[in-house]
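Q: For reference, the structure I am asking about is given below.
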Amino acid sequence: MTLEEEIKAAIIDVIDFPRPGIIYKDITPIFENPKLAQRILDALYDVYKDKQIDAVTGLESRGFLFGMPLALRLGVPFILIRKKNKLPRQVYHIRYQLEYGESTIEMHTDSIKPGQRVLIHDDVLATGGTATAAAKLIEMAGGEVAGFSFLTELSFLNGRKALPVPNEQIITFATF
C-alpha cells in the first residue's frame, strides 16, 4: 500500500463537525499507528533534508504533531504559530478568513531571524487561509517562506492557488 493510501485509510470523516455541512478529516487515528506515523515523518524528512530549511513552523495545533519531530530530525528550531492570546511574549499577529469563519494567529516576534528560510507545516490544506496568514507572519519577522507541507489536501477547496509560493514548494501526502 502506498503512503497516500495508508493515510487515506487511517483518516476518519466526521460529518457535520465543527458545524453542519462540514466533513471534518480526523487525522488522530494516524497517531494510534506508530508505524504509519514514522513512515510519514520519514517521508517528510526525505523531502526536506537537502532543502536548506533554517526553521520549521507548526500551525496550532495539529501542525505541531509532525512539525516538531520534523524540526528535530532536520536539526533546526521549531516555531509555534498559535491562536490569539496563547503566546506569552510580544507577538506578530494577523487576522484572516477560514472556510467557516475567521480567526487570528500569532507568532513571537523574536522567533525568526531575518533571512531564515522557514518551512510551514500543518495537517490539512483547505482554503489556504491559515497557511497564507502564517506566511505573512514569517515575512513580518523578515523570514523567507521556503515551502509548505501538509498531510492532506482538500483539493476541491483550491487552497493551493492561495499560497504565495510555486506549486513545487507545496507538498501534500494525500489528496481528497
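Residue numbering restarts at 1 for every chain of the C-alpha cells, chains are lettered A, B, ... in their displayed order, and ligands are numbered from 1 as they appear.
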For Phe150 of chain A, find every residue with an atom within 7 Å (counting only C-alpha atoms), except residues of its own chain fewer than 6 positions away, and show them as number ranges by chain.
A: A: 121-125, 171-173
Q: Could you give me, as a PyMOL selection string, each residue of chain A that DSSP assigns to alpha helix (DSSP H) when run on this structure's backbone?
A: chain A and resi 3-10+34-48+63-74+129-140+159-162
Q: Report as a Markdown table the residues of segment 8-95 of chain A within 6 Å of segment 104-116 of chain A, each with its shortest atom pair and distance in Å (one decimal), using only C-alpha atoms, ordered by chain and increasing residue number.
A:
```
| residue | atom | partner | partner_atom | distance |
| --- | --- | --- | --- | --- |
| A:Asp54 | CA | A:Gln116 | CA | 5.6 |
| A:Ile81 | CA | A:Met107 | CA | 5.0 |
| A:Arg82 | CA | A:Glu106 | CA | 5.4 |
| A:Lys83 | CA | A:Ile105 | CA | 4.5 |
| A:Lys84 | CA | A:Ile105 | CA | 5.4 |
| A:Gln90 | CA | A:His108 | CA | 5.8 |
| A:Val91 | CA | A:His108 | CA | 4.2 |
| A:Tyr92 | CA | A:Met107 | CA | 5.5 |
| A:His93 | CA | A:Glu106 | CA | 4.3 |
| A:Ile94 | CA | A:Thr104 | CA | 5.5 |
| A:Arg95 | CA | A:Thr104 | CA | 4.2 |
```
Q: With C-alpha atoms retained, could you export that selection as a PDB file, in the first residue's frame?
A:
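part.pdb, written as the output of this step:
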```pdb
ATOM      1  CA  ASP A  54      16.506  27.030   8.752  1.00  0.00           C
ATOM      2  CA  ILE A  81       2.203  29.648  15.405  1.00  0.00           C
ATOM      3  CA  ARG A  82      -0.750  29.782  17.754  1.00  0.00           C
ATOM      4  CA  LYS A  83      -4.234  31.138  18.096  1.00  0.00           C
ATOM      5  CA  LYS A  84      -4.740  34.582  19.627  1.00  0.00           C
ATOM      6  CA  GLN A  90       5.460  40.087  22.262  1.00  0.00           C
ATOM      7  CA  VAL A  91       3.869  38.742  19.066  1.00  0.00           C
ATOM      8  CA  TYR A  92       3.169  39.463  15.457  1.00  0.00           C
ATOM      9  CA  HIS A  93      -0.492  38.767  14.771  1.00  0.00           C
ATOM     10  CA  ILE A  94      -2.726  38.549  11.728  1.00  0.00           C
ATOM     11  CA  ARG A  95      -6.482  38.159  11.264  1.00  0.00           C
TER      12      ARG A  95
END
```
Q: My list of candidates is A:Asn167, A:Leu98, A:Tyr24, A:Thr132. Which is closest to Leu154 of chain A when distances are computed with only C-alpha atoms?
A: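 Using only C-alpha atoms, the shortest distance to Leu154 of chain A belongs to A:Tyr24.
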Q: Please provide the set of residues having any atom within 12 Å of Glu5 of chain A, restricted to only C-alpha atoms, with same-chain residues fewer than 3 positions apart removed, written as an mmCIF file with C-alpha atoms, in the first residue's frame.
A:
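The resulting file, result.cif, is reproduced below:
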```cif
data_model
loop_
_atom_site.group_PDB
_atom_site.id
_atom_site.type_symbol
_atom_site.label_atom_id
_atom_site.label_comp_id
_atom_site.auth_asym_id
_atom_site.auth_seq_id
_atom_site.Cartn_x
_atom_site.Cartn_y
_atom_site.Cartn_z
ATOM 1 C CA MET A 1 0.000 0.000 0.000
ATOM 2 C CA THR A 2 1.320 3.470 -0.859
ATOM 3 C CA LYS A 8 -6.443 7.935 3.460
ATOM 4 C CA ALA A 9 -7.352 4.619 5.100
ATOM 5 C CA ALA A 10 -6.443 5.948 8.549
ATOM 6 C CA ILE A 11 -8.329 9.255 8.337
ATOM 7 C CA LEU A 36 2.334 4.907 9.859
ATOM 8 C CA ILE A 40 5.065 9.949 7.415
ATOM 9 C CA THR A 152 -3.640 16.100 3.329
ATOM 10 C CA PHE A 173 0.855 13.320 1.069
ATOM 11 C CA ALA A 174 -2.838 12.565 0.466
ATOM 12 C CA THR A 175 -5.370 14.452 -1.648
ATOM 13 C CA PHE A 176 -9.119 14.300 -1.230
#
```
Q: Report the residues of chain A whose backbone DSSP state falls under strand (DSSP E or B), written as a VMD selection string.
A: chain A and resid 12 to 15 23 to 26 55 to 59 78 to 83 91 to 98 101 to 108 117 to 125 144 to 153 170 to 175
Q: Can you measure atom CA of Ile170 of chain A to atom CA of Asn33 of chain A for me? One decimal in Å is fine.
A: 25.3 Å
